[in-house]
Each structure stands twice: as C-alpha cells, then as structure tokens.
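Chemist: Following this line is protein07.cif, made up of mmCIF, C-alpha atoms:
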data_input
#
loop_
_atom_site.label_atom_id
_atom_site.label_comp_id
_atom_site.auth_asym_id
_atom_site.auth_seq_id
_atom_site.Cartn_x
_atom_site.Cartn_y
_atom_site.Cartn_z
CA MET A 1 -6.00 -91.92 53.53
CA ARG A 2 -6.42 -95.10 51.52
CA ILE A 3 -8.97 -97.72 52.50
CA VAL A 4 -7.38 -101.15 52.51
CA SER A 5 -8.36 -104.32 54.36
CA MET A 6 -5.84 -105.94 56.70
CA ARG A 7 -5.88 -109.11 54.58
CA ARG A 8 -4.89 -107.12 51.51
CA ARG A 9 -2.08 -105.38 53.41
CA ILE A 10 -0.57 -108.61 54.63
CA SER A 11 -0.69 -110.30 51.25
CA VAL A 12 1.21 -107.64 49.31
CA GLY A 13 3.13 -105.75 52.00
CA TRP A 14 3.35 -101.99 52.18
CA GLU A 15 3.21 -101.25 48.48
CA TRP A 16 -0.40 -102.23 47.93
CA LYS A 17 -2.78 -100.71 45.39
CA SER A 18 -6.37 -99.80 46.21
CA LYS A 19 -9.15 -97.37 45.55
CA VAL A 20 -8.99 -94.12 47.45
CA SER A 21 -11.83 -92.65 49.45
CA GLN A 22 -11.40 -88.89 49.24
CA SER A 23 -13.67 -88.31 52.23
CA GLN A 24 -11.37 -90.30 54.54
CA ARG A 25 -8.01 -89.17 53.16
CA GLY A 26 -5.91 -87.90 56.07
CA ILE A 27 -3.10 -85.41 56.44
CA VAL A 28 -0.63 -87.65 54.61
CA THR A 29 -1.08 -90.66 52.34
CA SER A 30 2.56 -91.70 51.82
CA CYS A 31 5.94 -90.94 53.36
CA ARG A 32 9.60 -91.88 53.42
CA ALA A 33 10.34 -95.06 55.39
CA VAL A 34 13.06 -97.63 55.97
CA VAL A 35 11.78 -100.95 54.64
CA LEU A 36 13.04 -104.46 55.35
CA PRO A 37 12.17 -106.41 52.15
CA ARG A 38 14.04 -109.56 53.23
CA PHE A 39 16.15 -110.74 56.15
CA GLY A 40 19.89 -110.16 56.20
CA GLY A 41 22.59 -107.67 57.14
CA PRO A 42 22.39 -103.86 57.11
CA GLU A 43 22.70 -103.85 53.32
CA VAL A 44 19.13 -105.17 52.90
CA LEU A 45 17.58 -102.04 54.44
CA GLU A 46 16.00 -99.72 51.88
CA VAL A 47 15.01 -96.06 52.33
CA ARG A 48 11.91 -95.74 50.13
CA PRO A 49 10.43 -92.31 49.38
CA ASN A 50 6.75 -93.21 49.00
CA VAL A 51 5.56 -95.88 51.41
CA GLU A 52 1.82 -95.72 51.92
CA VAL A 53 0.43 -94.58 55.27
CA PRO A 54 -2.62 -96.65 56.34
CA ASP A 55 -5.90 -95.23 57.64
CA LEU A 56 -6.05 -94.43 61.33
CA LYS A 57 -8.21 -96.65 63.47
CA PRO A 58 -10.32 -94.85 66.11
CA ASN A 59 -7.74 -95.36 68.88
CA GLU A 60 -4.65 -94.55 66.78
CA VAL A 61 -2.41 -91.51 66.44
CA LEU A 62 -0.34 -90.41 63.44
CA VAL A 63 3.02 -89.12 64.68
CA ARG A 64 5.46 -87.00 62.69
CA ALA A 65 8.73 -88.63 63.75
CA ARG A 66 11.69 -86.46 64.75
CA ALA A 67 13.89 -89.18 66.26
CA VAL A 68 13.74 -92.98 66.53
CA SER A 69 16.16 -95.20 68.39
CA VAL A 70 17.88 -98.42 67.33
CA ASN A 71 17.11 -101.41 69.57
CA PRO A 72 18.56 -104.96 69.68
CA LEU A 73 15.13 -106.06 68.41
CA ASP A 74 15.93 -104.33 65.11
CA THR A 75 19.50 -105.46 64.50
CA ARG A 76 21.34 -108.39 65.99
CA CYS A 77 21.51 -111.87 64.57
CA HIS A 78 21.13 -114.80 66.96
CA GLY A 79 18.71 -116.85 64.87
CA ALA A 80 18.78 -120.61 64.86
CA LYS A 81 19.77 -122.24 61.59
CA GLY A 82 18.07 -125.17 59.99
CA LYS A 83 14.78 -126.93 60.63
CA PRO A 84 15.14 -130.37 62.21
CA ASN A 85 12.56 -133.05 61.52
CA ALA A 86 9.17 -132.18 62.99
CA PHE A 87 8.83 -135.69 64.47
CA PHE A 88 11.89 -135.04 66.63
CA GLY A 89 10.31 -131.88 67.92
CA TRP A 90 7.08 -133.58 68.87
CA LEU A 91 9.02 -136.45 70.46
CA HIS A 92 10.90 -133.88 72.56
CA LEU A 93 7.56 -132.45 73.68
CA LEU A 94 6.09 -135.81 74.61
CA LEU A 95 9.17 -136.92 76.53
CA SER A 96 9.24 -133.64 78.47
CA GLY A 97 5.98 -134.59 80.16
CA LYS A 98 4.81 -130.97 79.95
CA LEU A 99 2.96 -130.88 76.63
CA ALA A 100 1.15 -127.56 77.00
CA LEU A 101 -0.59 -126.76 73.76
CA ALA A 102 -2.21 -123.35 73.43
CA ALA A 103 -3.90 -123.99 70.09
CA TRP A 104 -7.42 -123.78 71.56
CA GLN A 105 -6.80 -120.09 72.31
CA MET A 106 -6.12 -119.16 68.67
CA PRO A 107 -8.84 -117.07 66.94
CA TRP A 108 -9.47 -119.69 64.23
CA GLY A 109 -12.72 -118.09 63.11
CA LYS A 110 -11.13 -114.72 62.28
CA GLY A 111 -9.06 -115.75 59.30
CA GLN A 112 -5.43 -116.57 58.52
CA THR A 113 -4.10 -113.04 59.09
CA GLN A 114 -5.47 -112.78 62.61
CA CYS A 115 -4.10 -116.24 63.44
CA ILE A 116 -0.61 -115.22 62.22
CA LEU A 117 -0.65 -112.01 64.26
CA TRP A 118 -1.95 -113.87 67.32
CA LEU A 119 0.89 -116.37 67.04
CA ALA A 120 3.34 -113.49 66.68
CA SER A 121 2.00 -111.86 69.80
CA PHE A 122 1.92 -115.13 71.77
CA THR A 123 5.47 -116.04 70.79
CA VAL A 124 7.47 -112.83 70.45
CA GLU A 125 6.08 -111.30 73.64
CA TRP A 126 8.41 -113.74 75.43
CA GLU A 127 11.54 -112.66 73.66
CA THR A 128 12.88 -109.49 72.08
CA GLY A 129 14.13 -111.17 68.92
CA LYS A 130 16.43 -109.64 66.32
CA MET A 131 14.16 -109.02 63.37
CA ARG A 132 16.36 -107.65 60.61
CA SER A 133 18.65 -110.66 60.63
CA GLY A 134 15.79 -113.14 60.70
CA TYR A 135 15.25 -113.96 64.35
CA GLY A 136 11.53 -114.69 64.52
CA ARG A 137 11.66 -115.60 60.82
CA SER A 138 8.92 -118.21 61.10
CA ILE A 139 6.53 -115.53 62.34
CA PHE A 140 7.53 -112.43 60.41
CA GLU A 141 8.61 -113.81 57.02
CA PRO A 142 5.01 -114.11 55.74
CA LEU A 143 4.53 -110.43 56.64
CA LEU A 144 7.50 -109.00 54.69
CA PRO A 145 8.24 -106.28 53.81
CA LEU A 146 8.36 -104.76 57.30
CA ILE A 147 9.21 -101.35 58.68
CA LEU A 148 11.58 -101.67 61.65
CA GLY A 149 11.70 -99.44 64.73
CA ARG A 150 9.90 -99.30 68.08
CA ASP A 151 10.81 -96.07 69.93
CA ILE A 152 9.71 -92.67 68.67
CA SER A 153 9.65 -89.00 69.62
CA GLY A 154 7.85 -86.43 67.50
CA GLU A 155 4.63 -84.45 67.10
CA VAL A 156 1.00 -85.50 66.73
CA ALA A 157 -0.05 -85.04 63.09
CA ALA A 158 -3.55 -86.57 63.18
CA LEU A 159 -5.87 -88.33 65.61
CA GLY A 160 -8.26 -91.26 65.41
CA ALA A 161 -11.89 -90.54 66.21
CA SER A 162 -11.80 -91.85 69.80
CA VAL A 163 -8.47 -90.32 70.94
CA ARG A 164 -9.04 -87.81 73.75
CA SER A 165 -5.78 -87.49 75.70
CA LEU A 166 -3.67 -85.87 72.95
CA ILE A 167 -4.03 -82.95 70.53
CA VAL A 168 -2.64 -82.22 67.06
CA GLY A 169 0.75 -80.51 67.25
CA GLN A 170 1.58 -81.87 70.71
CA GLU A 171 5.05 -83.31 71.26
CA VAL A 172 4.88 -86.98 72.25
CA PHE A 173 7.08 -90.02 72.80
CA GLY A 174 6.35 -93.70 73.07
CA ALA A 175 7.02 -97.21 71.77
CA LEU A 176 5.31 -99.88 69.71
CA HIS A 177 4.78 -103.47 70.83
CA PRO A 178 7.51 -105.91 69.63
CA THR A 179 5.11 -107.60 67.19
CA ALA A 180 4.15 -104.47 65.24
CA ILE A 181 4.80 -104.88 61.50
CA ARG A 182 4.75 -101.15 60.65
CA GLY A 183 7.47 -99.70 62.84
CA THR A 184 8.75 -96.20 63.52
CA TYR A 185 11.60 -95.92 60.98
CA ALA A 186 9.45 -93.54 58.92
CA ASP A 187 8.60 -89.86 58.63
CA TYR A 188 5.12 -90.74 59.88
CA ALA A 189 4.40 -93.59 62.29
CA ILE A 190 1.12 -94.90 63.69
CA LEU A 191 0.80 -95.80 67.37
CA SER A 192 -2.20 -96.43 69.60
CA GLU A 193 -3.17 -93.81 72.16
CA ASP A 194 -1.95 -95.94 75.09
CA GLU A 195 1.49 -96.31 73.47
CA LEU A 196 2.13 -92.54 73.66
CA ALA A 197 2.54 -89.85 76.29
CA PRO A 198 3.47 -86.17 76.21
CA LYS A 199 7.22 -85.80 75.64
CA PRO A 200 9.13 -84.62 78.72
CA VAL A 201 9.67 -80.90 78.20
CA ALA A 202 13.16 -80.90 79.69
CA ILE A 203 14.71 -83.18 77.05
CA THR A 204 15.17 -83.20 73.28
CA HIS A 205 13.49 -85.52 70.77
CA VAL A 206 16.78 -87.42 70.44
CA GLU A 207 17.00 -88.01 74.19
CA ALA A 208 13.30 -88.87 74.45
CA SER A 209 13.40 -91.45 71.65
CA ALA A 210 16.02 -93.52 73.51
CA ILE A 211 13.82 -94.09 76.56
CA PRO A 212 10.39 -95.74 76.05
CA PHE A 213 11.08 -99.29 74.78
CA ALA A 214 13.91 -100.00 77.23
CA ALA A 215 12.19 -98.35 80.17
CA LEU A 216 8.84 -100.06 79.52
CA THR A 217 10.61 -103.44 79.27
CA ALA A 218 12.20 -102.79 82.67
CA TRP A 219 8.91 -101.45 84.04
CA ARG A 220 7.01 -104.58 83.08
CA ALA A 221 9.56 -106.81 84.80
CA ILE A 222 10.04 -104.99 88.08
CA LYS A 223 6.69 -103.25 88.49
CA SER A 224 4.10 -105.48 86.78
CA THR A 225 5.70 -108.90 87.36
CA ALA A 226 7.84 -108.66 90.52
CA ARG A 227 5.83 -105.72 91.97
CA ILE A 228 8.85 -104.44 93.85
CA SER A 229 8.25 -102.00 96.68
CA GLU A 230 10.23 -99.68 98.92
CA GLY A 231 12.97 -101.39 100.93
CA GLN A 232 13.19 -104.53 98.79
CA ARG A 233 16.41 -105.77 97.19
CA LEU A 234 16.84 -106.10 93.42
CA LEU A 235 19.70 -107.67 91.46
CA VAL A 236 20.12 -106.51 87.86
CA ILE A 237 22.38 -108.84 85.88
CA GLY A 238 23.74 -106.78 83.00
CA GLY A 239 23.06 -103.25 84.23
CA GLY A 240 25.17 -101.59 81.56
CA GLY A 241 22.59 -102.01 78.76
CA ALA A 242 19.58 -99.78 78.23
CA VAL A 243 17.04 -102.10 79.89
CA GLY A 244 19.29 -102.84 82.86
CA PHE A 245 20.16 -99.17 83.32
CA ALA A 246 16.47 -98.22 83.20
CA ALA A 247 15.65 -100.95 85.75
CA ILE A 248 18.25 -99.59 88.15
CA GLN A 249 16.86 -96.06 87.93
CA LEU A 250 13.21 -97.17 88.25
CA SER A 251 14.04 -99.32 91.29
CA VAL A 252 16.08 -96.62 93.00
CA ALA A 253 13.22 -94.16 92.46
CA ALA A 254 10.89 -96.69 94.14
CA GLY A 255 13.16 -96.83 97.21
CA CYS A 256 14.72 -100.23 96.53
CA HIS A 257 18.27 -101.40 97.24
CA VAL A 258 19.93 -102.30 93.95
CA THR A 259 22.96 -104.42 93.14
CA THR A 260 24.10 -104.90 89.57
CA THR A 261 26.70 -106.66 87.43
CA CYS A 262 28.40 -104.95 84.50
CA GLY A 263 31.67 -104.43 82.67
CA SER A 264 34.38 -102.27 84.22
CA GLN A 265 33.58 -99.32 81.93
CA SER A 266 30.02 -99.05 83.34
CA ILE A 267 30.70 -99.22 87.09
CA ASP A 268 30.92 -95.48 87.79
CA ARG A 269 27.82 -94.71 85.71
CA LEU A 270 25.70 -97.34 87.48
CA LEU A 271 26.83 -96.29 90.93
CA ALA A 272 26.01 -92.68 90.04
CA ALA A 273 22.53 -93.85 89.01
CA GLY A 274 21.94 -95.18 92.51
CA ALA A 275 23.12 -98.80 92.54
CA GLU A 276 24.59 -99.67 95.93
CA GLN A 277 26.97 -102.25 94.48
CA ALA A 278 28.26 -102.71 90.92
CA VAL A 279 30.25 -105.91 90.38
CA ASP A 280 32.61 -106.28 87.42
CA TYR A 281 31.70 -109.69 86.03
CA THR A 282 34.97 -109.84 84.06
CA ALA A 283 37.15 -109.56 87.17
CA GLU A 284 35.14 -110.95 90.10
CA ASP A 285 33.34 -114.15 91.05
CA LEU A 286 29.71 -113.03 91.24
CA GLU A 287 28.70 -115.57 93.87
CA LEU A 288 31.52 -114.45 96.17
CA ALA A 289 31.21 -110.72 95.48
CA ILE A 290 27.44 -110.38 95.85
CA LYS A 291 26.21 -110.64 99.42
CA GLY A 292 22.77 -111.53 100.72
CA ASN A 293 19.61 -112.60 98.95
CA PHE A 294 17.22 -110.65 96.77
CA ASP A 295 13.49 -110.19 96.35
CA ALA A 296 13.83 -110.05 92.55
CA VAL A 297 16.44 -110.70 89.86
CA LEU A 298 16.27 -109.18 86.37
CA ASP A 299 18.66 -111.04 84.07
CA THR A 300 19.27 -109.11 80.85
CA ILE A 301 22.00 -111.57 79.76
CA GLY A 302 20.06 -114.80 80.07
CA VAL A 303 22.76 -117.44 79.62
CA PRO A 304 22.74 -120.64 81.73
CA GLU A 305 25.43 -119.34 84.10
CA THR A 306 23.66 -116.04 84.89
CA GLU A 307 20.39 -117.93 85.32
CA ARG A 308 22.02 -120.29 87.81
CA VAL A 309 23.59 -117.42 89.78
CA GLY A 310 20.39 -115.38 89.75
CA ILE A 311 18.22 -118.26 90.93
CA ASN A 312 20.59 -119.09 93.79
CA LEU A 313 20.65 -115.48 95.02
CA LEU A 314 16.86 -115.20 95.33
CA LYS A 315 14.84 -115.38 98.52
CA ARG A 316 11.98 -117.86 98.66
CA GLY A 317 8.98 -116.21 97.06
CA GLY A 318 11.21 -114.04 94.87
CA HIS A 319 10.99 -113.49 91.11
CA TYR A 320 13.58 -114.40 88.47
CA MET A 321 12.91 -112.58 85.18
CA THR A 322 14.93 -112.99 82.01
CA LEU A 323 14.78 -111.08 78.72
CA GLN A 324 16.24 -114.05 76.84
CA GLY A 325 13.38 -116.52 76.54
CA GLU A 326 13.50 -119.30 73.97
CA ALA A 327 10.21 -118.83 72.12
CA ALA A 328 11.43 -117.19 68.90
CA SER A 329 14.49 -119.42 68.50
CA LEU A 330 12.42 -122.58 68.96
CA THR A 331 9.76 -121.51 66.45
CA ASP A 332 12.50 -120.64 63.95
CA ARG A 333 14.12 -124.01 64.44
CA TYR A 334 11.07 -126.28 64.46
CA GLY A 335 8.39 -124.11 62.81
CA LEU A 336 5.31 -122.67 64.49
CA ALA A 337 3.38 -125.93 64.77
CA VAL A 338 6.11 -127.56 66.87
CA GLY A 339 8.14 -124.62 68.19
CA LEU A 340 5.26 -122.81 69.87
CA PRO A 341 4.10 -125.70 72.07
CA LEU A 342 7.73 -126.65 72.67
CA ALA A 343 8.45 -123.14 73.96
CA THR A 344 5.39 -123.39 76.20
CA ALA A 345 6.64 -126.72 77.54
CA VAL A 346 10.14 -125.36 78.21
CA LEU A 347 8.74 -122.40 80.12
CA LEU A 348 6.33 -124.49 82.19
CA LYS A 349 9.03 -127.03 82.97
CA LYS A 350 11.31 -124.32 84.36
CA GLN A 351 8.50 -122.68 86.30
CA ILE A 352 7.54 -125.94 87.98
CA GLN A 353 11.18 -126.95 88.53
CA TYR A 354 12.21 -123.72 90.26
CA ARG A 355 8.98 -123.40 92.21
CA CYS A 356 9.58 -126.86 93.69
CA SER A 357 13.36 -126.63 94.20
CA HIS A 358 13.77 -122.98 95.25
CA GLY A 359 10.29 -121.66 95.98
CA ILE A 360 10.64 -118.86 93.43
CA GLU A 361 8.73 -117.61 90.40
CA TYR A 362 10.42 -117.88 86.97
CA CYS A 363 9.34 -115.98 83.86
CA TRP A 364 10.37 -114.71 80.45
CA THR A 365 9.68 -110.99 80.44
CA PHE A 366 8.92 -108.64 77.56
CA MET A 367 7.81 -105.12 76.74
CA ARG A 368 4.14 -104.28 76.47
CA ALA A 369 2.36 -100.93 76.17
CA ASP A 370 1.45 -99.58 79.61
CA SER A 371 0.02 -96.08 79.78
CA GLU A 372 0.48 -95.91 83.57
CA GLY A 373 4.10 -97.02 83.21
CA LEU A 374 4.82 -94.55 80.42
CA ASP A 375 3.34 -91.71 82.50
CA GLU A 376 5.60 -92.57 85.44
CA ILE A 377 8.59 -92.89 83.12
CA ARG A 378 7.78 -89.42 81.80
CA ASN A 379 7.49 -87.99 85.32
CA LEU A 380 10.79 -89.54 86.43
CA THR A 381 12.48 -88.23 83.28
CA GLU A 382 11.15 -84.73 83.96
CA ALA A 383 12.47 -84.97 87.51
CA GLY A 384 15.93 -85.97 86.28
CA LYS A 385 15.67 -89.45 87.81
CA LEU A 386 15.60 -91.45 84.57
CA LYS A 387 17.81 -91.10 81.52
CA ILE A 388 19.13 -93.38 78.77
CA PRO A 389 22.35 -91.84 77.39
CA VAL A 390 22.63 -91.51 73.61
CA GLU A 391 26.12 -92.22 72.31
CA LYS A 392 25.66 -91.30 68.64
CA THR A 393 23.06 -90.07 66.16
CA PHE A 394 22.70 -90.74 62.43
CA PRO A 395 20.35 -89.20 59.86
CA ILE A 396 17.67 -91.69 58.83
CA VAL A 397 19.22 -91.97 55.34
CA GLN A 398 22.31 -93.49 57.00
CA VAL A 399 20.35 -96.30 58.64
CA ARG A 400 22.62 -98.94 57.11
CA GLU A 401 25.68 -97.30 58.64
CA ALA A 402 23.91 -97.08 62.01
CA HIS A 403 23.00 -100.78 61.98
CA GLU A 404 26.49 -101.75 60.89
CA ALA A 405 28.01 -99.73 63.74
CA LYS A 406 25.78 -101.56 66.19
CA ASP A 407 26.34 -105.00 64.65
CA LYS A 408 30.12 -104.64 64.71
CA ARG A 409 30.09 -103.07 68.18
CA TYR A 410 31.80 -99.90 67.02
CA ILE A 411 29.27 -98.16 69.24
CA HIS A 412 28.26 -99.81 72.50
CA GLY A 413 25.73 -97.23 73.70
CA LYS A 414 22.39 -96.09 72.35
CA ILE A 415 22.09 -95.03 68.70
CA VAL A 416 19.34 -92.69 67.52
CA LEU A 417 18.20 -91.97 63.95
CA GLU A 418 17.14 -88.36 63.30
CA LEU A 419 14.47 -87.34 60.76
CA ASP A 420 14.23 -83.89 59.24
#
Show this structure as structure tokens.

Modeler:
Amino acid sequence: MRIVSMRRRISVGWEWKSKVSQSQRGIVTSCRAVVLPRFGGPEVLEVRPNVEVPDLKPNEVLVRARAVSVNPLDTRCHGAKGKPNAFFGWLHLLLSGKLALAAWQMPWGKGQTQCILWLASFTVEWETGKMRSGYGRSIFEPLLPLILGRDISGEVAALGASVRSLIVGQEVFGALHPTAIRGTYADYAILSEDELAPKPVAITHVEASAIPFAALTAWRAIKSTARISEGQRLLVIGGGGAVGFAAIQLSVAAGCHVTTTCGSQSIDRLLAAGAEQAVDYTAEDLELAIKGNFDAVLDTIGVPETERVGINLLKRGGHYMTLQGEAASLTDRYGLAVGLPLATAVLLKKQIQYRCSHGIEYCWTFMRADSEGLDEIRNLTEAGKLKIPVEKTFPIVQVREAHEAKDKRYIHGKIVLELD
C-alpha cells in the first residue's frame, strides 16, 4: 500500500499522489468507491474506479465489501442555511448563563488536522447529521472529497499487525463511527478491529449490513446510557425506524416492558417484535393513550412535542435520550468557533433544567463502536431475536437512484447497496 501522511491525505482528499513503498504494499492499492466531491443531492455522488486504499494501521482491518446499507446519516438534508453574525452567537451564549467552552480539551499541539478531527468527533457524536446534503458542513467541508457509508458486511482481506480476533477470509460485519471520512461505499473498506465482529452465519450479507449502525446506536442509548435491566419500562418514540426497531428488540431480549409510538403501518410489526403497546401517533393522543411512567425514553423523532411528552412520562431518576441533538446544526449556522460552545451550552442548560424540574437525566445520544455491544447484537441476530428488515437492494453503481428513492420517500424501509 502507499505511504501517505494524514496531513497530506486531508489536504488533497482521496486522490493524492505519493511515493510507493513496495515492502509495505498490501493486497490492494486502489478500488472502486462512491465519492462525495461536494455537498448536494444524489446527482453529486460519483462512482470512481480507482480510489486509493490507504495503509492499514496496526489495529485496522481491510474488508472486501459485499453489502453496505444506506443510513439517514448519508442522505437527508436538514442543514441550517446562512451564517448569522458571530457577535449574535456569542451574545446568545453569554445571556444563557451556561457558557461551557471545551476549547482547553482540544489537542492544539498535534496540528490542524487532529484539531479538525477532534472537533468533528466532539460535535457529530451528538447528532447523526445528514452528510451528503451538507449537514455538518462546517466540520466536513474541509475534508472533501469523502466516501459515504457506515454499515458493512463482507470478508476480511488483510489485517493490521496487532489484530488477533479475526483471520483473512472470515466473514464479518460492523459499522464505522459517524465521523469517519473514508466510509464503506467502496469495494474495500477499512475499519478498526473493535468495529467488526464475525457475521452471523444464519443471515446473508445483505441482511447483516442493515444491522450494525442502527443497533449500536440503540445499544448505546439503552445499555450504555440508561443501563436498562430486566423488569424496567422503556418508551421508544418512533419505533418504526431502524434505530427504534432495534431498541425494541434489544430491550425485549433484556426482559424489559416496551411501549412504542409509530405510524399505523408499523403497529403489527412492532407488536410482533415484542412491544406490549404500539400507539399510532397519527390517530391517538399519546399522553392519553400511554399509561404509567417509564424508566427510560428513547426519542428517535426529537421534536419539541415528543421531547415534552417523553419527559413528562419519565419516572424520577429516569433517562431521556434523543437522537436529534443540535450540535451539527448550530456549528453549521454559527461556525465552529461559536456553534460548538453554543451547542455545549444548550445541552447543559437542558440537563440542569430537567434535573431540577423533573429529577431526570437528559442526553443527546449517538453511535459509537462497542465490541461488547456488537458481540451481543451478533448473538441476538443468530438467535433470531434481532433483525432489521431490508425493503430494497440496489447495485452500488445505482447509488444515485438509491439515495433519490430514500430522499423522496419512495422507499420507507432499509435500503442496501450490493457490491459484486
């Protein structure tokens, strides 16, 4: 493989030039990939035949992709427009009384690239933005072109020097962190060892690729944050989506009592998955239909009304977790220098407010690699207790058509891209 410094990669994107060290050339030096050269609609996506494959770090794995799924992170546009005056942003911070700057944590001594990636991690971990259309623009625009994609299922093609849990040729599945700039929409993808697990034998690559990102997002909320246990009550607001559906199945497997909200078309599917009550939000008043209080609420919708309902249905000491934090939208609107501390202030304000008024914990939740979680997800999938249905597949060369179908809601369920 080619030897290229991280600074060089960031400055010129994926089509860099460099000298080649023959002794460290790996199994593949370039491959086909879907590249995002600029933000926009599906038409900006480009299938390029020869995108360079970087060297493997000691803890990394080269995966020959067989199927990758399309996530909201890759497609939808909800980005804020315009950049108001920075003074207004700082004034907002000062008046909030919760000016919580995190600048002292930044790795200033490690160069501009590391600072950019740190900011990306700090900010986007709070919110699964919509990258192709420019959500998170203030963070990712300096790093263009990008390769989209998070989920993957395929075979191990090569291993870093310190990888011990996997072998070449083994079938694996997994998901990248939301801030990765070289995604999985490629014939060969690179993931760290803890982002992968052996693929469940009982399912296909297409089925496996639909699971990890959504299930790990749900896992982090209900297992790592709320730490739900047998007998507790969980409310999933928006159980019809992939993350909500995964949360229901994970909670039922843990012995919890689950109530969920959804559209009428999802009720039977969610009840079959183990939810004890599925409330049609289009036809019923949630506060009248849902009885009792809950130990945890996972809100996959994240609008003010669902936040209000979720908070009011929690027991004291419970956890409210939303996927729709405000970090990326605020940094897009005000820029990193103002948006990042503003997002911190907004989060802290809500945490203090709800802790004082309701005695509950409030957080923005996000996906992060968790080898223990991925192993349990694999085991539950093998046992038939966890599944994310795939509604339609496209060949990777039809990625524009797949994104358009998702953008225009022609297809409501999970879409998977297949690679041959």

Chemist: May I ask for the distance between atom CA of Asp74 of chain A and atom CA of Asp194 of chain A, given in Å to one decimal place?

Modeler: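 It comes out at 22.1 Å.
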
Chemist: Produce a table with one row for each residue of segment 136-203 of chain A that has an atom at most 12 Å from any atom of segment 342-366 of chain A, each row naming the nearest atom pair and its distance in Å at one decimal; use only C-alpha atoms; arrange rows by chain and rising residue number; format as CSV.

Modeler:
residue,atom,partner,partner_atom,distance
A:His177,CA,A:Phe366,CA,9.4
A:Pro178,CA,A:Phe366,CA,8.5
A:Thr179,CA,A:Phe366,CA,11.1

Chemist: Quick one, how far is atom CA of Leu314 of chain A from atom CA of Asp295 of chain A?

Modeler: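 We find that atom CA of Leu314 of chain A and atom CA of Asp295 of chain A lie 6.1 Å from each other.
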
Chemist: May I have the protein, DNA and RNA residues with an atom at most 6 Å from (24.2, -111.7, 83.8), counting all atoms listed in the file in the file's coordinates, returned as a list of chain:residue names?

Modeler: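 In the file's frame, the residues around the point are A:Ile237, A:Gly238, A:Asp299, A:Ile301, A:Thr306.
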
Chemist: Convert the current residue selection to file output with C-alpha atoms, as an mmCIF file, in the coordinates of the input.

Modeler:
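The new file again.cif reads:
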data_model
loop_
_atom_site.group_PDB
_atom_site.id
_atom_site.type_symbol
_atom_site.label_atom_id
_atom_site.label_comp_id
_atom_site.auth_asym_id
_atom_site.auth_seq_id
_atom_site.Cartn_x
_atom_site.Cartn_y
_atom_site.Cartn_z
ATOM 1 C CA ILE A 237 22.380 -108.840 85.880
ATOM 2 C CA GLY A 238 23.740 -106.780 83.000
ATOM 3 C CA ASP A 299 18.660 -111.040 84.070
ATOM 4 C CA ILE A 301 22.000 -111.570 79.760
ATOM 5 C CA THR A 306 23.660 -116.040 84.890
#

Chemist: Using all atoms listed in the file, find the one residue out of A:Ala283, A:Leu216, A:Val156, A:Leu386 that sits nearest to Met367 of chain A.

Modeler: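 Answer, going by the shortest atom-to-atom distance: A:Leu216.
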
Chemist: Taking 2 positions as the minimum chain separation for residues in the same chain, which residues sit within 8 Å of segment 226-233 of chain A when counting all atoms listed in the file? Answer as a PyMOL selection string.

Modeler: chain A and resi 221-224+235+251+254-259+293-296+318-319

Chemist: When the PyMOL selection byres ((chain A and resi 152) around 7) is applied to the structure above, which residues does it catch, written out as a compact mmCIF listing (two decimals) with C-alpha atoms, keeping the file's coordinate frame?

Modeler:
# COMPACT_ATOMS: atom_id res chain seq x y z
CA ALA A 65 8.73 -88.63 63.75
CA ALA A 67 13.89 -89.18 66.26
CA VAL A 68 13.74 -92.98 66.53
CA SER A 69 16.16 -95.20 68.39
CA ARG A 150 9.90 -99.30 68.08
CA ASP A 151 10.81 -96.07 69.93
CA SER A 153 9.65 -89.00 69.62
CA GLY A 154 7.85 -86.43 67.50
CA PHE A 173 7.08 -90.02 72.80
CA GLY A 174 6.35 -93.70 73.07
CA ALA A 175 7.02 -97.21 71.77
CA THR A 184 8.75 -96.20 63.52
CA SER A 209 13.40 -91.45 71.65

Chemist: Translate the PyMOL selection byres ((chain A and resi 243) around 7), as applied to the file shown, into an explicit residue set as JSON, numbers by chain.

Modeler: {"A": [214, 215, 217, 218, 241, 242, 244, 245, 246, 247]}

Chemist: For this structure, which residues satisfy the selection - the PyMOL selection byres ((chain A and resi 289) around 12) - when it is evaluated on the file as given? I want them as number ranges by chain.

Modeler: A: 259-261, 277-281, 283-288, 290-292, 309, 313

Chemist: For Leu36 of chain A, which of A:Tyr188, A:Val303, A:His412, A:Arg400 is the closest residue, counting only C-alpha atoms?

Modeler: A:Arg400

Chemist: Could you work out how far atom CA of Ala208 of chain A lies from atom CA of Asp370 of chain A, giving the answer in Å with one decimal?

Modeler: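 These two atoms are separated by 16.8 Å.
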
Chemist: Using all atoms listed in the file, find the one residue out of A:Tyr334, A:Val297, A:Lys387, A:Val172 that sits nearest to Gly317 of chain A.

Modeler: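 Once distances to Gly317 of chain A are computed over all atoms listed in the file, the minimum belongs to A:Val297.
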
Chemist: Given the point (27.2, -94.5, 86.7) in the coordinates of this file, which residues lie within 12 Å, counting only C-alpha atoms, and how would they look as a PyMOL selection string?

Modeler: chain A and resi 239-241+245-246+248-249+260+262-278+387-389
